[in-house]
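Just below is one structure, and these are the notes that go with it.
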Amino acid sequence: MYFMNVMANVASYLSPDNNEVPKLTDRLFEAIPSIHLLWLTDFADALMFVPTIILILTHYRPLYLLCKFLLTWTLCNLMRITTVAITSFPDPRSGCMHSTGEFFTTFLLHRCGDCMFSGHTVIFVISALVWSSHGYHRFPRRYRWLAWICVIFAWCLCIGSAFIVIANRAHYTADVLVAFYVAGGNFYIWTYIFDHYIEEKGRFTDLTRPWGDGPDPRPHKRERERKRCEKAARDAEKTALGEADSAELQMQPFATETLPTTNGVTSSSVANCTKPSVPAPASAAYGNFKQEVYRNAVQAAPPQPLQGGSIS
């Protein structure tokens, strides 16, 4: 935040005087009347920020959510540091204050030239994304209607606050739109990193699961875990059946040997015996079972005398 303030002072010092240089043309400036209520912009910022912090601190994974919120905000500020002073804009608001050159010791609000992109809108968007991504699952199933009300209210407040920023002429419309794109993109970048490179890899378990290694209470996570377990069970079953089939193929030379007919029981009828209803846990056990069936079938029938004399 300190370096962001320094670069904003640099942008203010370099920005042209909007009393001498004409302001940029903005379509929403033509449609939305101008107001002079800058305190309303800061109030909307606090109205989004404070409930979001309360949600984070009462979340069942507060460290995880707090890190995601702060890392998203930090990445947005790093991007804003590289853009706020690189191109100078005439400030859209008349009567703004210019920085006098004390970049490292001056702290101002709503200074001139602090345009690209809107820092207030970044907070609006990140807070609304936190509510829509993590606030919904904080409510029991019978109170999901209340969760939807909170999410819709958060996004209405986010969009309404963005219009307040434009109406106060604190930023151009392009500054607000870029803030929406940057904040949303950075939030989902960190979501992807946390889900695929931290949680699935089992890293930072104290951060992602501070209350222990139990099941995740979120419904969509439980559903994903259930599908993963079912897939693992199907794969294990396919592997066991494949081993059993390979064992059966190995037993075929023993089952197809030519043996004398005994009471109608032939080698082919033994070989065609049905597979047991309970699948063999391993190929060795199933092979032993086949051999046992074969021996029992042969020993059960008494031998019959050969017809036609001796065998030549």
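Chain labels A, B, ... are given in the sequence in which chains occur in the structure tokens; within each chain residues are numbered consecutively from 1, and ligands are likewise numbered from 1 in the order shown.
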**Report entry** Exercise: Leu55 (chain A) partners within 12 Å, only C-alpha atoms, chain neighbours under 4 positions left out, as a list in words
**Finding:** Met48, Phe49, Val50, Pro51, His59, Tyr60, Arg61, Pro62, Leu63, Leu65, Leu66, Phe69, Ser127, Ala128, Val130, Trp131, Ser132, Ser133, His134, Gly135, Tyr136, His137, Arg138, Phe139 and Cys150 of chain A
Query raised in the report: Do you know which residues are at most 8 Å from Pro16 (chain A) counting only C-alpha atoms, after dropping those on the same chain fewer than 6 positions away, and could you put them as a PyMOL selection string?
Result: chain A and resi 88-91+113
Requested in this report: Find the residue from A:Thr52, A:Asn9, A:Ser34, A:Thr72 that sits nearest to Thr191 (chain A); use only C-alpha atoms when measuring.
Outcome: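 Closest candidate: A:Thr72.
Residues in contact with Leu28 (chain A) at 10 Å, where only C-alpha atoms are counted and same-chain residues fewer than 3 positions away are skipped, are listed as Thr25, Ala31, Ile32, Pro33, Phe163, Ile166, Ala167, Tyr172, Thr173 and Ala174 of chain A.
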Same residues, C-alpha atoms, output as a PDB file, in the first residue's frame:
ATOM      1  CA  THR A  25     -14.596  12.219 -23.577  1.00  0.00           C
ATOM      2  CA  ALA A  31     -25.469   9.858 -19.398  1.00  0.00           C
ATOM      3  CA  ILE A  32     -24.879  10.135 -15.623  1.00  0.00           C
ATOM      4  CA  PRO A  33     -25.160  13.559 -13.977  1.00  0.00           C
ATOM      5  CA  PHE A 163     -21.747   4.034 -10.702  1.00  0.00           C
ATOM      6  CA  ILE A 166     -18.329   7.461 -12.079  1.00  0.00           C
ATOM      7  CA  ALA A 167     -20.944   9.984 -10.936  1.00  0.00           C
ATOM      8  CA  TYR A 172     -13.249   7.471 -16.025  1.00  0.00           C
ATOM      9  CA  THR A 173     -15.502   4.590 -17.057  1.00  0.00           C
ATOM     10  CA  ALA A 174     -12.504   2.772 -18.559  1.00  0.00           C
TER      11      ALA A 174
END
Report summary line: CA of Val6 (chain A) sits from CA of Phe103 (chain A) at a separation of 5.3 Å
Query raised in the report: What does the distance between CA of Arg80 (chain A) and CA of Phe117 (chain A) come to in Å, to one decimal place?
Result: 6.4 Å
Requested in this report: Rounded to one decimal place, report the CA of Leu129 (chain A)-CA of Trp145 (chain A) distance in Å.
Outcome: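 Interatomic distance, CA of Leu129 (chain A) to CA of Trp145 (chain A): 18.1 Å.
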Report task. Just list the residues in region 31-268 of chain A DSSP gives alpha helix (DSSP H) on the backbone, as an NGL selection string. Result -> :A and (31 or 38-58 or 62-84 or 119-130 or 144-167 or 173-194 or 205-208 or 219-255 or 267-268)
